[in-house]
file protein_36.tsv (TSV, C-alpha atoms)
chain	number	residue	atom	x	y	z
A	93	MET	CA	-17.64	-2.27	13.00
A	94	ARG	CA	-14.49	-4.34	13.02
A	95	ALA	CA	-11.70	-3.36	10.60
A	96	VAL	CA	-9.88	-6.41	9.28
A	97	TRP	CA	-6.66	-6.82	7.31
A	98	SER	CA	-5.15	-10.04	5.99
A	99	PHE	CA	-1.61	-10.92	5.04
A	100	TRP	CA	-0.70	-14.40	3.83
A	101	SER	CA	3.04	-13.96	3.57
A	102	ALA	CA	3.91	-16.94	1.33
A	103	PRO	CA	2.60	-15.49	-1.97
A	104	TYR	CA	3.95	-12.08	-1.10
A	105	ARG	CA	7.42	-13.35	-0.30
A	106	ALA	CA	7.57	-15.72	-3.28
A	107	HIS	CA	6.14	-13.53	-6.02
A	108	TYR	CA	4.09	-10.47	-5.35
A	109	HIS	CA	6.52	-8.31	-3.33
A	110	ARG	CA	7.90	-7.27	-6.70
A	111	LEU	CA	4.71	-5.38	-7.48
A	112	TRP	CA	5.87	-2.70	-5.04
A	113	LEU	CA	8.57	-0.22	-5.99
A	114	SER	CA	10.47	-1.65	-3.03
A	115	GLU	CA	9.82	-3.32	0.29
A	116	LYS	CA	10.00	0.04	2.02
A	117	TYR	CA	6.82	1.23	0.35
A	118	HIS	CA	5.02	-1.98	1.15
A	119	LEU	CA	5.74	-1.40	4.83
A	120	LEU	CA	4.84	2.29	4.67
A	121	SER	CA	1.55	1.38	3.04
A	122	TRP	CA	0.74	-0.94	5.93
A	123	VAL	CA	1.45	1.88	8.40
A	124	LEU	CA	-0.80	4.34	6.60
A	125	SER	CA	-3.60	1.85	5.98
A	126	VAL	CA	-3.82	0.69	9.58
A	127	GLY	CA	-3.03	4.12	11.02
A	128	GLU	CA	-5.79	5.96	9.16
A	129	ALA	CA	-8.53	3.31	9.38
A	130	SER	CA	-7.95	2.69	13.09
A	131	GLN	CA	-8.88	6.31	13.77
A	132	HIS	CA	-12.39	5.52	12.53
A	133	TYR	CA	-12.63	1.83	13.48
A	134	THR	CA	-10.92	1.08	16.77
A	135	ASP	CA	-11.69	-2.65	16.73
A	136	THR	CA	-8.83	-3.73	14.47
A	137	CYS	CA	-7.90	-7.26	13.56
A	138	LEU	CA	-5.11	-8.86	11.55
A	139	PHE	CA	-5.38	-12.33	10.00
A	140	THR	CA	-1.95	-13.54	9.05
A	141	ASP	CA	0.64	-16.27	9.50
A	142	SER	CA	3.58	-16.39	11.89
A	143	TRP	CA	5.96	-14.71	9.45
A	144	GLY	CA	3.45	-11.93	8.85
A	145	ALA	CA	2.91	-11.42	12.57
A	146	ARG	CA	6.63	-11.12	13.16
A	147	LEU	CA	6.79	-8.42	10.52
A	148	LEU	CA	3.64	-6.39	11.20
A	149	VAL	CA	3.17	-6.92	14.92
A	150	ASP	CA	6.60	-7.67	16.38
A	151	SER	CA	8.73	-5.46	14.13
A	152	LEU	CA	6.41	-2.62	13.12
A	153	ALA	CA	4.15	-2.76	16.21
A	154	LEU	CA	1.05	-1.88	14.19
A	155	PRO	CA	-1.87	-1.30	16.56
A	156	PHE	CA	-4.04	-4.36	15.98
A	157	ARG	CA	-6.41	-5.22	18.81
A	158	HIS	CA	-6.63	-8.85	17.68
A	159	VAL	CA	-4.18	-11.01	15.78
A	160	ASP	CA	-5.30	-14.34	14.31
A	161	LEU	CA	-2.67	-16.74	12.99
A	162	ARG	CA	-4.97	-19.09	11.10
A	163	LEU	CA	-3.24	-18.34	7.81
A	164	ASP	CA	-0.44	-20.59	9.10
A	165	GLY	CA	-2.88	-23.28	7.95
A	166	LEU	CA	-2.24	-22.26	4.33
A	167	HIS	CA	0.98	-24.19	4.21
A	168	PRO	CA	2.81	-23.51	0.92
A	169	MET	CA	3.57	-27.22	0.54
A	170	VAL	CA	-0.18	-27.81	0.26
A	171	TYR	CA	-1.61	-24.54	-1.04
A	172	ASP	CA	-0.49	-22.98	-4.33
A	173	ASN	CA	1.11	-19.70	-3.32
A	174	GLU	CA	0.32	-18.03	-6.63
A	175	TRP	CA	-3.28	-17.90	-5.37
A	176	TRP	CA	-2.74	-14.91	-3.08
A	177	VAL	CA	-6.49	-14.50	-2.79
A	178	LEU	CA	-6.70	-17.59	-0.57
A	179	GLY	CA	-5.50	-15.42	2.33
A	180	LYS	CA	-8.32	-12.94	1.78
A	181	LEU	CA	-11.00	-15.58	1.25
A	182	THR	CA	-9.96	-17.51	4.35
A	183	THR	CA	-10.19	-14.26	6.30
A	184	TYR	CA	-13.63	-13.40	4.90
A	185	ALA	CA	-14.93	-16.86	5.82
A	186	ALA	CA	-13.61	-16.58	9.37
A	187	GLN	CA	-15.50	-13.45	10.36
A	188	THR	CA	-17.98	-13.73	13.22
A	189	THR	CA	-19.02	-10.08	13.49
A	190	PRO	CA	-19.88	-7.42	10.88
A	191	PHE	CA	-16.64	-6.23	9.39
A	192	ILE	CA	-14.82	-4.23	6.78
A	193	HIS	CA	-11.81	-5.89	5.17
A	194	LEU	CA	-9.24	-3.45	3.81
A	195	ASP	CA	-6.43	-4.21	1.41
A	196	ASN	CA	-3.16	-2.95	2.79
A	197	ASP	CA	-2.92	-0.44	-0.06
A	198	VAL	CA	-6.23	1.22	0.89
A	199	PHE	CA	-6.27	4.39	3.01
A	200	LEU	CA	-9.49	5.62	4.59
A	201	TRP	CA	-9.16	9.35	5.20
A	202	ASN	CA	-12.77	9.44	6.41
A	203	PRO	CA	-15.12	6.85	7.91
A	204	LEU	CA	-17.11	5.02	5.28
A	205	PRO	CA	-20.66	6.32	4.73
A	206	ALA	CA	-23.20	4.72	7.08
A	207	ALA	CA	-25.26	3.57	4.10
A	208	VAL	CA	-22.31	1.46	3.05
A	209	THR	CA	-21.33	-0.02	6.40
A	210	ALA	CA	-24.96	-0.81	7.30
A	211	ALA	CA	-25.40	-2.97	4.19
A	212	PRO	CA	-25.51	-6.77	4.24
A	213	ILE	CA	-22.70	-6.76	1.67
A	214	PHE	CA	-20.53	-3.92	0.46
A	215	ALA	CA	-17.53	-3.43	-1.78
A	216	GLN	CA	-15.49	-0.63	-3.34
A	217	ASN	CA	-17.35	-0.46	-6.64
A	218	PRO	CA	-19.13	-2.61	-9.20
A	219	GLU	CA	-17.31	-3.04	-12.47
A	220	ALA	CA	-18.49	-4.29	-15.83
A	221	PHE	CA	-16.18	-5.84	-18.39
A	222	TYR	CA	-16.39	-7.06	-21.95
A	223	LEU	CA	-16.19	-10.84	-22.14
A	224	GLU	CA	-14.17	-10.49	-25.36
A	225	ASP	CA	-11.70	-8.02	-23.84
A	226	GLN	CA	-10.19	-10.26	-21.15
A	227	SER	CA	-7.93	-7.48	-19.92
A	228	LEU	CA	-8.79	-8.20	-16.32
A	229	TYR	CA	-11.19	-11.12	-16.16
A	230	ARG	CA	-10.07	-14.03	-18.32
A	231	LEU	CA	-13.27	-16.00	-18.11
A	232	GLU	CA	-13.09	-17.78	-21.44
A	233	PRO	CA	-9.80	-19.69	-20.95
A	234	PHE	CA	-10.86	-20.42	-17.38
A	235	LEU	CA	-14.11	-22.04	-18.51
A	236	LYS	CA	-12.37	-23.88	-21.33
A	237	GLY	CA	-9.94	-25.33	-18.80
A	238	ILE	CA	-12.82	-26.41	-16.56
A	239	ASP	CA	-14.51	-28.04	-19.52
A	240	ARG	CA	-11.36	-29.72	-20.85
A	241	PHE	CA	-10.30	-31.23	-17.53
A	242	LYS	CA	-13.84	-31.86	-16.23
A	243	GLY	CA	-13.25	-29.45	-13.39
A	244	TRP	CA	-15.66	-28.37	-10.69
A	245	LEU	CA	-17.53	-25.07	-10.30
A	246	PRO	CA	-20.30	-24.14	-7.86
A	247	GLN	CA	-23.85	-23.74	-9.13
A	248	GLU	CA	-23.67	-19.97	-8.84
A	249	TRP	CA	-20.70	-19.79	-11.22
A	250	LEU	CA	-22.28	-22.17	-13.74
A	251	TRP	CA	-25.52	-20.19	-13.70
A	252	TYR	CA	-23.75	-16.84	-14.13
A	253	ALA	CA	-21.53	-18.13	-16.94
A	254	ARG	CA	-24.55	-19.56	-18.80
A	255	ARG	CA	-26.24	-16.17	-18.80
A	256	ARG	CA	-22.91	-14.52	-19.77
A	257	GLY	CA	-22.65	-12.43	-16.63
A	258	ASP	CA	-20.08	-9.70	-17.11
A	259	LYS	CA	-19.92	-7.91	-13.78
A	260	ALA	CA	-17.59	-8.06	-10.80
A	261	LEU	CA	-17.16	-6.30	-7.47
A	262	CYS	CA	-13.86	-4.53	-6.86
A	263	CYS	CA	-12.81	-5.56	-3.36
A	264	GLY	CA	-10.31	-2.94	-2.20
A	265	ILE	CA	-12.77	-2.84	0.66
A	266	PHE	CA	-15.24	-5.63	1.27
A	267	GLY	CA	-17.50	-6.55	4.15
A	268	GLY	CA	-20.97	-6.38	5.56
A	269	HIS	CA	-23.44	-7.79	8.04
A	270	ASP	CA	-24.64	-10.90	6.21
A	271	LEU	CA	-21.98	-13.22	7.54
A	272	ASP	CA	-23.80	-16.36	6.38
A	273	PHE	CA	-23.71	-15.20	2.79
A	274	ILE	CA	-20.10	-14.04	3.04
A	275	ARG	CA	-19.07	-17.38	4.54
A	276	HIS	CA	-20.91	-19.29	1.80
A	277	TYR	CA	-19.34	-17.18	-0.95
A	278	ALA	CA	-15.82	-17.34	0.48
A	279	ASN	CA	-15.92	-21.08	1.13
A	280	CYS	CA	-17.20	-21.77	-2.40
A	281	ALA	CA	-14.45	-19.57	-3.84
A	282	ILE	CA	-11.83	-21.43	-1.80
A	283	GLU	CA	-13.27	-24.70	-3.08
A	284	VAL	CA	-12.91	-23.53	-6.68
A	285	ILE	CA	-9.20	-22.99	-6.09
A	286	CYS	CA	-8.57	-26.11	-4.02
A	287	HIS	CA	-10.91	-28.68	-5.58
A	288	PRO	CA	-8.85	-31.72	-6.67
A	289	SER	CA	-10.54	-31.82	-10.07
A	290	ASN	CA	-9.38	-28.29	-10.80
A	291	GLN	CA	-5.69	-28.73	-10.00
A	292	PRO	CA	-4.62	-29.87	-13.51
A	293	ILE	CA	-6.21	-26.75	-14.95
A	294	TRP	CA	-4.20	-24.04	-13.22
A	295	PRO	CA	-0.78	-24.70	-14.82
A	296	THR	CA	-2.39	-24.61	-18.26
A	297	LEU	CA	-3.75	-21.12	-17.62
A	298	GLY	CA	-0.41	-19.63	-16.64
A	299	VAL	CA	-0.99	-16.75	-14.29
A	300	ARG	CA	-3.57	-17.46	-11.61
A	301	ASP	CA	-6.77	-15.47	-12.08
A	302	ASN	CA	-7.11	-14.38	-8.49
A	303	ILE	CA	-9.61	-11.61	-9.08
A	304	LEU	CA	-11.77	-13.83	-11.27
A	305	VAL	CA	-12.35	-16.09	-8.28
A	306	GLU	CA	-12.66	-13.27	-5.75
A	307	GLN	CA	-14.46	-10.50	-7.62
A	308	TYR	CA	-16.23	-12.10	-10.57
A	309	PHE	CA	-17.49	-15.02	-8.51
A	310	LEU	CA	-18.75	-12.61	-5.84
A	311	SER	CA	-20.95	-11.00	-8.49
A	312	ALA	CA	-22.10	-14.44	-9.66
A	313	CYS	CA	-22.96	-15.44	-6.11
A	314	LEU	CA	-24.82	-12.21	-5.41
A	315	GLU	CA	-26.89	-12.28	-8.59
A	316	TYR	CA	-27.67	-15.97	-8.27
A	317	HIS	CA	-29.07	-15.61	-4.76
A	318	GLN	CA	-30.81	-12.30	-5.50
A	319	GLN	CA	-33.06	-13.92	-8.08
A	320	ASN	CA	-33.50	-17.33	-6.41
A	321	GLN	CA	-36.70	-17.19	-4.37
A	322	TYR	CA	-35.72	-20.37	-2.53
A	323	SER	CA	-32.36	-19.04	-1.42
A	324	PRO	CA	-32.01	-17.79	2.17
A	325	HIS	CA	-30.31	-14.77	0.60
A	326	THR	CA	-33.00	-13.92	-1.92
A	327	GLY	CA	-33.21	-10.22	-2.66
A	328	LEU	CA	-29.76	-9.54	-1.29
A	329	GLU	CA	-28.38	-6.17	-2.44
A	330	ALA	CA	-24.82	-4.92	-2.21
A	331	ALA	CA	-23.84	-1.35	-1.39
A	332	TYR	CA	-20.86	0.40	-2.91
A	333	LEU	CA	-18.49	3.20	-1.99
A	334	PHE	CA	-18.41	4.23	-5.67
A	335	ARG	CA	-21.14	3.54	-8.21
A	336	SER	CA	-18.70	2.53	-10.97
A	337	SER	CA	-15.02	2.18	-11.90
A	338	ALA	CA	-15.21	5.53	-13.65
A	339	GLU	CA	-16.44	7.17	-10.47
A	340	ALA	CA	-13.76	5.43	-8.38
A	341	PHE	CA	-11.00	6.71	-10.67
A	342	ASP	CA	-12.43	10.24	-10.68
A	343	PRO	CA	-10.19	12.32	-8.36
A	344	GLU	CA	-13.11	14.51	-7.29
A	345	CYS	CA	-15.16	11.51	-6.22
A	346	ALA	CA	-12.22	10.01	-4.34
A	347	THR	CA	-11.69	13.34	-2.58
A	348	ARG	CA	-15.34	13.61	-1.63
A	349	VAL	CA	-15.33	10.12	-0.12
A	350	GLY	CA	-11.82	10.41	1.31
A	351	TYR	CA	-10.49	7.20	-0.16
A	352	THR	CA	-7.21	6.05	-1.67
A	353	HIS	CA	-6.46	2.68	-3.24
A	354	LEU	CA	-3.02	2.11	-4.76
A	355	ILE	CA	-4.51	-0.35	-7.17
A	356	GLY	CA	-2.38	-2.08	-9.80
A	357	ASN	CA	0.50	-0.08	-11.17
A	358	ALA	CA	0.15	2.68	-8.57
A	359	LYS	CA	2.26	0.53	-6.25
A	360	ASN	CA	5.13	0.95	-8.67
A	361	ASN	CA	4.75	4.70	-9.22
A	362	ARG	CA	7.80	6.70	-8.05
A	363	SER	CA	5.90	9.92	-7.45
A	364	ILE	CA	3.23	8.18	-5.35
A	365	ALA	CA	5.93	6.32	-3.43
A	366	ASP	CA	7.59	9.62	-2.56
A	367	SER	CA	4.27	11.04	-1.33
A	368	LEU	CA	3.66	7.92	0.74
A	369	GLU	CA	7.06	8.25	2.38
A	370	ARG	CA	6.59	11.94	3.14
A	371	ARG	CA	3.17	11.30	4.65
A	372	VAL	CA	4.26	8.45	6.92
A	373	LYS	CA	7.43	10.25	7.97
A	374	CYS	CA	5.36	13.30	8.95
A	375	ASP	CA	2.25	11.70	10.49
A	376	TYR	CA	3.66	8.43	11.84
A	377	PRO	CA	7.32	9.17	12.66
A	378	ASP	CA	7.71	6.33	15.18
A	379	TYR	CA	6.36	3.80	12.69
A	380	TYR	CA	8.51	5.29	9.97
A	381	ASP	CA	11.59	4.74	12.10
A	382	ARG	CA	10.52	1.15	12.78
A	383	CYS	CA	10.14	0.50	9.06
A	384	LEU	CA	13.67	1.74	8.43
A	385	ALA	CA	15.04	-0.24	11.36
A	386	TYR	CA	13.39	-3.39	10.03
A	387	LEU	CA	14.80	-2.79	6.55
A	388	ASP	CA	18.26	-2.18	8.01
A	389	GLY	CA	17.95	-5.55	9.73
A	390	ILE	CA	17.04	-7.48	6.60
A	391	SER	CA	19.57	-5.67	4.41
A	392	ILE	CA	22.16	-8.00	5.95
A	393	VAL	CA	20.59	-10.87	4.03
A	394	GLY	CA	20.39	-9.05	0.76
A	395	HIS	CA	17.27	-6.88	0.73
A	396	GLY	CA	18.03	-3.18	0.74
A	397	ARG	CA	15.84	-0.30	1.79
A	398	GLU	CA	15.19	0.67	-1.78
B	174	MET	CA	24.87	-27.65	-13.76
B	175	ARG	CA	21.94	-27.20	-16.14
B	176	ALA	CA	19.95	-24.00	-15.97
B	177	SER	CA	16.31	-24.55	-15.05
B	178	THR	CA	13.61	-24.09	-17.70
B	179	PRO	CA	12.43	-20.50	-17.82
B	180	ARG	CA	9.01	-20.04	-16.25
B	181	ILE	CA	7.03	-16.82	-16.08
B	182	VAL	CA	4.71	-16.01	-13.21
B	183	CYS	CA	3.56	-12.49	-13.99
B	184	PHE	CA	4.46	-8.99	-15.13
B	185	THR	CA	4.81	-6.06	-12.78
B	186	SER	CA	2.58	-4.31	-15.31
B	187	ASN	CA	0.74	-6.49	-17.80
B	188	HIS	CA	-1.09	-4.03	-19.99
B	189	GLY	CA	-0.81	-0.91	-22.09
B	190	ILE	CA	-2.60	1.09	-24.71
B	191	PRO	CA	-1.70	1.45	-28.41
B	192	GLY	CA	1.00	3.97	-29.24
B	193	THR	CA	2.81	3.71	-25.91
B	194	ILE	CA	5.86	2.03	-24.41
B	195	VAL	CA	5.41	0.11	-21.16
B	196	LEU	CA	8.42	-0.32	-18.90
B	197	THR	CA	7.83	-3.47	-16.92
B	198	SER	CA	9.47	-6.56	-15.50
B	199	VAL	CA	8.75	-10.15	-16.37
B	200	LEU	CA	8.87	-12.15	-13.14
B	201	GLY	CA	9.41	-15.86	-12.80
B	202	THR	CA	12.14	-18.45	-12.37
B	203	GLY	CA	15.06	-19.66	-14.46
B	204	LEU	CA	14.99	-16.49	-16.54
B	205	GLU	CA	18.75	-15.95	-16.71
B	206	THR	CA	19.08	-17.85	-20.00
B	207	VAL	CA	16.41	-15.87	-21.81
B	208	THR	CA	17.80	-13.95	-24.76
B	209	GLU	CA	14.62	-12.64	-26.32
B	210	VAL	CA	11.06	-11.88	-25.32
B	211	ARG	CA	8.41	-11.99	-28.02
B	212	PHE	CA	4.64	-11.86	-28.19
B	213	SER	CA	2.04	-13.70	-30.18
B	214	GLY	CA	0.06	-11.79	-32.77
B	215	SER	CA	1.15	-8.45	-34.10
B	216	GLY	CA	1.82	-4.94	-32.89
B	217	VAL	CA	3.67	-5.70	-29.65
B	218	ARG	CA	7.47	-5.92	-29.36
B	219	ALA	CA	9.74	-6.19	-26.35
B	220	GLN	CA	13.31	-5.08	-25.80
B	221	ILE	CA	15.31	-6.52	-22.92
B	222	LEU	CA	16.81	-3.59	-21.05
B	223	SER	CA	19.54	-5.28	-19.02
B	224	PRO	CA	21.02	-8.75	-18.55
B	225	PRO	CA	18.23	-10.99	-17.24
B	226	GLY	CA	18.33	-12.12	-13.64
B	227	VAL	CA	17.22	-15.51	-12.40
B	228	ASP	CA	13.80	-14.19	-11.42
B	229	ARG	CA	13.40	-10.98	-13.37
B	230	ILE	CA	13.79	-9.49	-16.83
B	231	ASP	CA	13.36	-5.75	-17.25
B	232	VAL	CA	11.80	-4.98	-20.61
B	233	ALA	CA	10.42	-2.11	-22.64
B	234	ILE	CA	7.28	-3.18	-24.46
B	235	SER	CA	6.38	-1.11	-27.51
B	236	ILE	CA	2.75	-1.18	-28.54
B	237	ALA	CA	2.17	-0.03	-32.09
B	238	ALA	CA	-0.37	2.72	-32.61
B	239	ASP	CA	-2.46	0.37	-34.76
B	240	ALA	CA	-2.17	-2.66	-32.45
B	241	THR	CA	-5.47	-4.45	-32.05
B	242	PRO	CA	-6.72	-4.52	-28.45
B	243	GLY	CA	-6.64	-7.97	-26.90
B	244	PRO	CA	-4.38	-10.43	-25.14
B	245	ARG	CA	-0.94	-11.48	-26.40
B	246	LEU	CA	0.87	-14.59	-25.26
B	247	ILE	CA	4.44	-14.01	-24.15
B	248	LEU	CA	6.94	-16.32	-25.86
B	249	LEU	CA	10.38	-17.12	-24.48
B	250	PRO	CA	12.96	-18.49	-26.89
B	251	ALA	CA	15.55	-19.67	-24.34
B	252	THR	CA	19.24	-19.96	-25.28
B	253	GLN	CA	19.26	-23.73	-25.49
B	254	SER	CA	15.78	-24.16	-26.85
B	255	SER	CA	15.13	-24.65	-30.52
B	256	GLY	CA	11.73	-23.01	-30.57
B	257	SER	CA	9.60	-20.50	-28.75
B	258	GLU	CA	7.77	-21.63	-25.66
B	259	SER	CA	4.47	-20.15	-24.63
B	260	SER	CA	4.27	-19.34	-20.94
B	261	GLY	CA	0.51	-19.06	-20.72
B	262	VAL	CA	1.04	-15.57	-19.31
B	263	LEU	CA	-0.68	-12.80	-21.19
B	264	PHE	CA	0.05	-9.17	-21.91
B	265	TYR	CA	-3.00	-7.10	-22.71
B	266	VAL	CA	-3.34	-4.36	-25.27
B	267	LEU	CA	-6.22	-2.34	-23.96
B	268	ALA	CA	-8.71	-0.23	-25.78
B	269	ARG	CA	-8.01	3.36	-24.82
B	270	SER	CA	-11.34	3.57	-23.04
B	271	SER	CA	-10.50	0.67	-20.72
B	272	HIS	CA	-7.10	1.97	-19.65
B	273	ALA	CA	-7.09	2.41	-15.91
B	274	SER	CA	-5.05	5.16	-14.38
B	275	ALA	CA	-1.50	4.26	-13.35
B	276	SER	CA	-2.06	6.55	-10.40
B	277	GLY	CA	-4.60	4.34	-8.68
B	278	ILE	CA	-7.61	5.77	-6.90
B	279	GLY	CA	-7.28	8.96	-4.90
B	280	SER	CA	-3.47	8.87	-4.72
B	281	HIS	CA	-3.44	12.68	-4.70
B	282	LEU	CA	-4.86	12.52	-1.15
B	283	ILE	CA	-1.70	10.98	0.33
call {"tool": "encode", "arguments": {"input": "protein_36.tsv", "output": "structure tokens"}}
result
Amino acid sequence: MRAVWSFWSAPYRAHYHRLWLSEKYHLLSWVLSVGEASQHYTDTCLFTDSWGARLLVDSLALPFRHVDLRLDGLHPMVYDNEWWVLGKLTTYAAQTTPFIHLDNDVFLWNPLPAAVTAAPIFAQNPEAFYLEDQSLYRLEPFLKGIDRFKGWLPQEWLWYARRRGDKALCCGIFGGHDLDFIRHYANCAIEVICHPSNQPIWPTLGVRDNILVEQYFLSACLEYHQQNQYSPHTGLEAAYLFRSSAEAFDPECATRVGYTHLIGNAKNNRSIADSLERRVKCDYPDYYDRCLAYLDGISIVGHGRE
Amino acid sequence: MRASTPRIVCFTSNHGIPGTIVLTSVLGTGLETVTEVRFSGSGVRAQILSPPGVDRIDVAISIAADATPGPRLILLPATQSSGSESSGVLFYVLARSSHASASGIGSHLI
């Protein structure tokens, strides 16, 4: 199975680099993510843009077997760079062989279970949310914006919203064998973000709901096609590394599977950052040195190591 | 030269549970003129920790023990503005049961 990473640099450079404690830990996370997964999956592939390739391939020399620069097509003059998920969705849609996509803050200490990687679709875990809570998935203002501006949504989304679907798939890892379904889902999700009718909506919502489009819509797409006897994907079932969010966050379960995901605030956690640095320095000393050399280089233009 | 209108893009951490203080940064553009950060509703207050930068304000957000779970709009009364402006960006007070670990998944394995 091919292991795939994506890095659209424009959103990261403009906004989301600040989610990491510092740039150093972002680089170290790339080293550990690619280093560990490539021990289990030797066919490794990076989808990025030219800036990303200069960083990850030219400067850090991460061991990707293939590098695809199609994310250069997401030109920030055309594509809203607050939608970081466009880089992932474009990568999902481009796959031509069964694959596992890993976020760069995911570390696979073991190969994934065969029952997961053999599935037509798989993800990290299913998660349910309360529609009223809106802590993570802000569906209500999104739908109000669509309604107010006469925006566009695919039939799967409309169907799922009508039946008040409240599930999503956490995509720290995502992949599978059903490339037709994955391509359909990813292209529809891209269309939600890029459709001309939807452009007036996004500024009114403030922060872009990236995971709503990636993770909630994936659940909508899956459930819609599962129950539709006329769909070519009828009966489609997803497999999961963890059965629930609670199981994913249970340290014993994570240990048993051999899986780390520095989700959310973990990227800004000093203690975790120190562990990450110790691990990379010990297990990947050459890469560690390259990270520091790169940071020394950019410190001239105002970005320090820390 | 006029300062640009403050605009928020996101928080480095956008949620917390009642009875806690969240140290976070408000990220955006034109933030250097911001003198106060407030929230809609009740039970959530912010204190600016250091002089705001153009693209970042470090804040301590206090969530009252009796704060009702749910989203709060962040409001930015800028220096030259007469009223508060809503950014559209939300901070979430979570129910204790929905609070995800700040340690991520399996970080002890690193």
call {"tool": "atom_distance", "arguments": {"input": "protein_36.tsv", "atom1": "atom CA of B:Cys183", "atom2": "atom CA of A:Cys286"}}
result
20.8 Å
call {"tool": "closest_atom_pairs", "arguments": {"input": "protein_36.tsv", "of": "chain A", "to": "chain B", "cutoff": "7 Å", "atoms": "only C-alpha atoms", "output": "CSV"}}
result
residue,atom,partner,partner_atom,distance
A:Arg110,CA,B:Thr185,CA,6.9
A:Leu111,CA,B:Thr185,CA,5.3
A:Asp225,CA,B:Gly243,CA,5.9
A:Ser227,CA,B:Tyr265,CA,5.7
A:Thr296,CA,B:Gly261,CA,6.7
A:Leu297,CA,B:Gly261,CA,5.7
A:Gly298,CA,B:Gly261,CA,4.2
A:Val299,CA,B:Val262,CA,5.5
A:Ala340,CA,B:Ile278,CA,6.3
A:Phe341,CA,B:Ile278,CA,5.2
A:Pro343,CA,B:Gly279,CA,5.6
A:Ala346,CA,B:Gly279,CA,5.1
A:Thr347,CA,B:Gly279,CA,6.6
A:Tyr351,CA,B:Gly279,CA,6.0
A:Thr352,CA,B:Gly279,CA,4.3
A:His353,CA,B:Ile278,CA,4.9
A:Leu354,CA,B:Gly277,CA,4.8
A:Ile355,CA,B:Gly277,CA,4.9
A:Gly356,CA,B:Gly277,CA,6.9
A:Asn357,CA,B:Ala275,CA,5.3
A:Ala358,CA,B:Ser276,CA,4.8
A:Ile364,CA,B:Ser280,CA,6.8
A:Ser367,CA,B:Ile283,CA,6.2
A:Leu368,CA,B:Ile283,CA,6.2
A:Arg371,CA,B:Ile283,CA,6.5
call {"tool": "write_last_selection", "arguments": {"input": "protein_36.tsv", "atoms": "C-alpha atoms", "output": "mmCIF file, in the frame of the given file"}}
result
data_model
loop_
_atom_site.group_PDB
_atom_site.id
_atom_site.type_symbol
_atom_site.label_atom_id
_atom_site.label_comp_id
_atom_site.auth_asym_id
_atom_site.auth_seq_id
_atom_site.Cartn_x
_atom_site.Cartn_y
_atom_site.Cartn_z
ATOM 1 C CA ARG A 110 7.900 -7.270 -6.700
ATOM 2 C CA LEU A 111 4.710 -5.380 -7.480
ATOM 3 C CA ASP A 225 -11.700 -8.020 -23.840
ATOM 4 C CA SER A 227 -7.930 -7.480 -19.920
ATOM 5 C CA THR A 296 -2.390 -24.610 -18.260
ATOM 6 C CA LEU A 297 -3.750 -21.120 -17.620
ATOM 7 C CA GLY A 298 -0.410 -19.630 -16.640
ATOM 8 C CA VAL A 299 -0.990 -16.750 -14.290
ATOM 9 C CA ALA A 340 -13.760 5.430 -8.380
ATOM 10 C CA PHE A 341 -11.000 6.710 -10.670
ATOM 11 C CA PRO A 343 -10.190 12.320 -8.360
ATOM 12 C CA ALA A 346 -12.220 10.010 -4.340
ATOM 13 C CA THR A 347 -11.690 13.340 -2.580
ATOM 14 C CA TYR A 351 -10.490 7.200 -0.160
ATOM 15 C CA THR A 352 -7.210 6.050 -1.670
ATOM 16 C CA HIS A 353 -6.460 2.680 -3.240
ATOM 17 C CA LEU A 354 -3.020 2.110 -4.760
ATOM 18 C CA ILE A 355 -4.510 -0.350 -7.170
ATOM 19 C CA GLY A 356 -2.380 -2.080 -9.800
ATOM 20 C CA ASN A 357 0.500 -0.080 -11.170
ATOM 21 C CA ALA A 358 0.150 2.680 -8.570
ATOM 22 C CA ILE A 364 3.230 8.180 -5.350
ATOM 23 C CA SER A 367 4.270 11.040 -1.330
ATOM 24 C CA LEU A 368 3.660 7.920 0.740
ATOM 25 C CA ARG A 371 3.170 11.300 4.650
#
call {"tool": "residues_around", "arguments": {"input": "protein_36.tsv", "residues": "stretch 214-223 of chain A", "least_positions_apart": "4", "cutoff": "7 Å", "atoms": "only C-alpha atoms", "output": "list in words"}}
result
Val208, Asp258, Lys259, Ala260, Leu261, Cys262, Cys263, Gly264, Ile265, Phe266, Gly267, Gly268, Ala330, Ala331, Tyr332, Leu333, Phe334, Arg335, Ser336 and Ser337 of chain A
call {"tool": "write_last_selection", "arguments": {"input": "protein_36.tsv", "atoms": "C-alpha atoms", "output": "compact mmCIF listing (two decimals), in the frame of the given file"}}
result
# COMPACT_ATOMS: atom_id res chain seq x y z
CA VAL A 208 -22.31 1.46 3.05
CA ASP A 258 -20.08 -9.70 -17.11
CA LYS A 259 -19.92 -7.91 -13.78
CA ALA A 260 -17.59 -8.06 -10.80
CA LEU A 261 -17.16 -6.30 -7.47
CA CYS A 262 -13.86 -4.53 -6.86
CA CYS A 263 -12.81 -5.56 -3.36
CA GLY A 264 -10.31 -2.94 -2.20
CA ILE A 265 -12.77 -2.84 0.66
CA PHE A 266 -15.24 -5.63 1.27
CA GLY A 267 -17.50 -6.55 4.15
CA GLY A 268 -20.97 -6.38 5.56
CA ALA A 330 -24.82 -4.92 -2.21
CA ALA A 331 -23.84 -1.35 -1.39
CA TYR A 332 -20.86 0.40 -2.91
CA LEU A 333 -18.49 3.20 -1.99
CA PHE A 334 -18.41 4.23 -5.67
CA ARG A 335 -21.14 3.54 -8.21
CA SER A 336 -18.70 2.53 -10.97
CA SER A 337 -15.02 2.18 -11.90
call {"tool": "atom_distance", "arguments": {"input": "protein_36.tsv", "atom1": "atom CA of A:Pro190", "atom2": "atom CA of A:Arg157"}}
result
15.8 Å
